[in-house]
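J.: Encoded as structure tokens, here's the structure I'll be asking about.
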Amino acid sequence: MKIRIALVLVAMLMNTSALASGDEMPVQKPGLWQITMTSEKMPGGSRSYRMCQDAASVAAGKASADAHLKNDCSKNSLRREGDTWIADNDCTFSGTHVVSHSEMTAHNDEVFHTQIQSTYGAGKPQSTTIDHKYLGACEAGQKAGVPIAGR
């Protein structure tokens, strides 16, 4: 459950498109991406999967993130400091109160690194790292937006 919530948090951060200042967040380009999540609470310490992204799957992710921010979060602040995008959120997902601080750095349009500090309910804070790396064109027959685990 907490891993699923972490994925929602990073999706919200990566799919939020603009700040009040008009700055645009970098967007994942179409193609095949390797996503690796690391957390002390995750069995085995990390999980990795590949996902094909196209314009439609990116738009769907943005729509989902926008809906979560509107419906599930009482606080949603986003600011830019250099190449780092910082988000602070106070949300409730499936009855679980989550307070998070996320920092995403875009090294270019092919590498994104996100650090998330989050507290679930009355639990202790935990850290999750999510790295996105562009691999090139999608694999033949791979459906956009559907993760393929364990490669």
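In the structure tokens, chains take the letters A, B, ... in the order shown, each chain's residues start at 1, and ligands count up from 1 in the order shown.
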When you look at region 30-46 of chain A with a cut-off of 12 Å (counting only C-alpha atoms), what residues show up, excluding the ones that are within fewer than 3 positions of it in the same chain? I need them as a PyMOL selection string.
T.: chain A and resi 1-4+6-7+10-11+27+49-59+109-118+124-140+142-151
J.: Report as a ChimeraX atom specification: the residues of region 21-126 of chain A with a DSSP assignment of alpha helix (DSSP H), based on the backbone of this structure.
T.: /A:55-72
J.: For a quick check of understanding, using only C-alpha atoms, which of A:Ser94, A:Asn76, A:Gln28, A:Ser102 has the smallest distance to Lys62 (chain A)?
T.: A:Gln28
J.: Distance CA of Ala106 (chain A)-CA of Thr84 (chain A), one decimal place?
T.: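 We find that CA of Ala106 (chain A) and CA of Thr84 (chain A) lie 6.9 Å from each other.
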J.: Find the residue from A:Trp85, A:Phe93, A:Gly141, A:Lys29 that sits nearest to Ala67 (chain A); use only C-alpha atoms when measuring.
T.: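 Counting only C-alpha atoms, the residue closest to Ala67 (chain A) is A:Phe93.
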J.: Work out how far CA of Ser100 (chain A) is from CA of Gly121 (chain A), in Å to one decimal.
T.: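 A separation of 11.3 Å between them.
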J.: Write out as a ChimeraX atom specification the set of residues from region 93-134 of chain A that DSSP, computed on the backbone, places in strand (DSSP E).
T.: /A:93,96-108,111-120,126-134
J.: Give me a file of those residues, with N, CA and C atoms, as an mmCIF file, in the first residue's frame.
T.:
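Result saved to out-v6.cif:
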data_model
loop_
_atom_site.group_PDB
_atom_site.id
_atom_site.type_symbol
_atom_site.label_atom_id
_atom_site.label_comp_id
_atom_site.auth_asym_id
_atom_site.auth_seq_id
_atom_site.Cartn_x
_atom_site.Cartn_y
_atom_site.Cartn_z
ATOM 1 N N PHE A 93 -4.968 9.344 1.111
ATOM 2 C CA PHE A 93 -5.171 8.353 0.057
ATOM 3 C C PHE A 93 -5.756 7.095 0.679
ATOM 4 N N THR A 96 -5.624 6.881 4.360
ATOM 5 C CA THR A 96 -4.330 7.050 5.013
ATOM 6 C C THR A 96 -3.839 8.479 4.816
ATOM 7 N N HIS A 97 -3.563 9.162 5.932
ATOM 8 C CA HIS A 97 -3.048 10.526 5.873
ATOM 9 C C HIS A 97 -1.549 10.462 5.559
ATOM 10 N N VAL A 98 -1.122 11.208 4.544
ATOM 11 C CA VAL A 98 0.272 11.200 4.108
ATOM 12 C C VAL A 98 0.776 12.638 4.014
ATOM 13 N N VAL A 99 1.889 12.912 4.692
ATOM 14 C CA VAL A 99 2.566 14.197 4.574
ATOM 15 C C VAL A 99 3.883 13.904 3.881
ATOM 16 N N SER A 100 4.164 14.622 2.782
ATOM 17 C CA SER A 100 5.384 14.315 2.031
ATOM 18 C C SER A 100 6.120 15.572 1.609
ATOM 19 N N HIS A 101 7.423 15.394 1.471
ATOM 20 C CA HIS A 101 8.316 16.412 0.923
ATOM 21 C C HIS A 101 9.109 15.703 -0.172
ATOM 22 N N SER A 102 8.989 16.192 -1.415
ATOM 23 C CA SER A 102 9.651 15.555 -2.550
ATOM 24 C C SER A 102 10.551 16.547 -3.251
ATOM 25 N N GLU A 103 11.691 16.051 -3.711
ATOM 26 C CA GLU A 103 12.603 16.857 -4.514
ATOM 27 C C GLU A 103 12.977 16.063 -5.751
ATOM 28 N N MET A 104 12.631 16.620 -6.921
ATOM 29 C CA MET A 104 12.930 15.969 -8.189
ATOM 30 C C MET A 104 13.947 16.811 -8.947
ATOM 31 N N THR A 105 15.014 16.175 -9.373
ATOM 32 C CA THR A 105 16.030 16.838 -10.181
ATOM 33 C C THR A 105 16.022 16.222 -11.564
ATOM 34 N N ALA A 106 15.923 17.088 -12.560
ATOM 35 C CA ALA A 106 15.996 16.649 -13.956
ATOM 36 C C ALA A 106 17.407 16.958 -14.438
ATOM 37 N N HIS A 107 18.192 15.916 -14.662
ATOM 38 C CA HIS A 107 19.574 16.111 -15.113
ATOM 39 C C HIS A 107 19.617 16.484 -16.591
ATOM 40 N N ASN A 108 18.621 16.088 -17.324
ATOM 41 C CA ASN A 108 18.362 16.445 -18.723
ATOM 42 C C ASN A 108 16.998 15.842 -19.022
ATOM 43 N N VAL A 111 17.033 11.787 -17.680
ATOM 44 C CA VAL A 111 17.334 11.278 -16.341
ATOM 45 C C VAL A 111 16.636 12.152 -15.300
ATOM 46 N N PHE A 112 15.797 11.518 -14.474
ATOM 47 C CA PHE A 112 15.111 12.204 -13.387
ATOM 48 C C PHE A 112 15.413 11.453 -12.093
ATOM 49 N N HIS A 113 15.716 12.200 -11.027
ATOM 50 C CA HIS A 113 15.995 11.605 -9.725
ATOM 51 C C HIS A 113 15.068 12.266 -8.714
ATOM 52 N N THR A 114 14.318 11.454 -7.960
ATOM 53 C CA THR A 114 13.367 11.983 -6.986
ATOM 54 C C THR A 114 13.620 11.382 -5.615
ATOM 55 N N GLN A 115 13.693 12.240 -4.610
ATOM 56 C CA GLN A 115 13.799 11.845 -3.204
ATOM 57 C C GLN A 115 12.479 12.221 -2.554
ATOM 58 N N ILE A 116 11.852 11.278 -1.847
ATOM 59 C CA ILE A 116 10.588 11.534 -1.157
ATOM 60 C C ILE A 116 10.772 11.192 0.318
ATOM 61 N N GLN A 117 10.448 12.146 1.173
ATOM 62 C CA GLN A 117 10.367 11.912 2.612
ATOM 63 C C GLN A 117 8.879 11.945 2.934
ATOM 64 N N SER A 118 8.342 10.862 3.485
ATOM 65 C CA SER A 118 6.906 10.822 3.747
ATOM 66 C C SER A 118 6.605 10.176 5.084
ATOM 67 N N THR A 119 5.510 10.627 5.659
ATOM 68 C CA THR A 119 5.012 10.061 6.903
ATOM 69 C C THR A 119 3.591 9.591 6.638
ATOM 70 N N TYR A 120 3.334 8.331 6.958
ATOM 71 C CA TYR A 120 2.031 7.715 6.740
ATOM 72 C C TYR A 120 1.320 7.600 8.075
ATOM 73 N N GLN A 126 9.683 8.010 6.412
ATOM 74 C CA GLN A 126 10.475 7.077 5.624
ATOM 75 C C GLN A 126 10.907 7.741 4.328
ATOM 76 N N SER A 127 11.996 7.238 3.783
ATOM 77 C CA SER A 127 12.571 7.785 2.555
ATOM 78 C C SER A 127 12.368 6.813 1.403
ATOM 79 N N THR A 128 12.069 7.383 0.240
ATOM 80 C CA THR A 128 11.966 6.612 -0.986
ATOM 81 C C THR A 128 12.711 7.376 -2.068
ATOM 82 N N THR A 129 13.495 6.675 -2.848
ATOM 83 C CA THR A 129 14.188 7.263 -3.987
ATOM 84 C C THR A 129 13.637 6.628 -5.252
ATOM 85 N N ILE A 130 13.334 7.465 -6.241
ATOM 86 C CA ILE A 130 12.833 6.949 -7.517
ATOM 87 C C ILE A 130 13.665 7.564 -8.634
ATOM 88 N N ASP A 131 14.259 6.699 -9.443
ATOM 89 C CA ASP A 131 15.067 7.135 -10.569
ATOM 90 C C ASP A 131 14.411 6.714 -11.866
ATOM 91 N N HIS A 132 14.327 7.663 -12.800
ATOM 92 C CA HIS A 132 13.793 7.417 -14.141
ATOM 93 C C HIS A 132 14.933 7.622 -15.132
ATOM 94 N N LYS A 133 15.136 6.631 -15.992
ATOM 95 C CA LYS A 133 16.187 6.730 -17.005
ATOM 96 C C LYS A 133 15.613 6.348 -18.364
ATOM 97 N N TYR A 134 15.804 7.227 -19.327
ATOM 98 C CA TYR A 134 15.337 6.979 -20.694
ATOM 99 C C TYR A 134 16.225 5.925 -21.344
#
J.: Near Lys75 (chain A), counting only C-alpha atoms, which residues have an atom at most 9 Å away, once you skip same-chain residues fewer than 4 positions from it, shown as a VMD selection string?
T.: chain A and resid 69 88 to 91
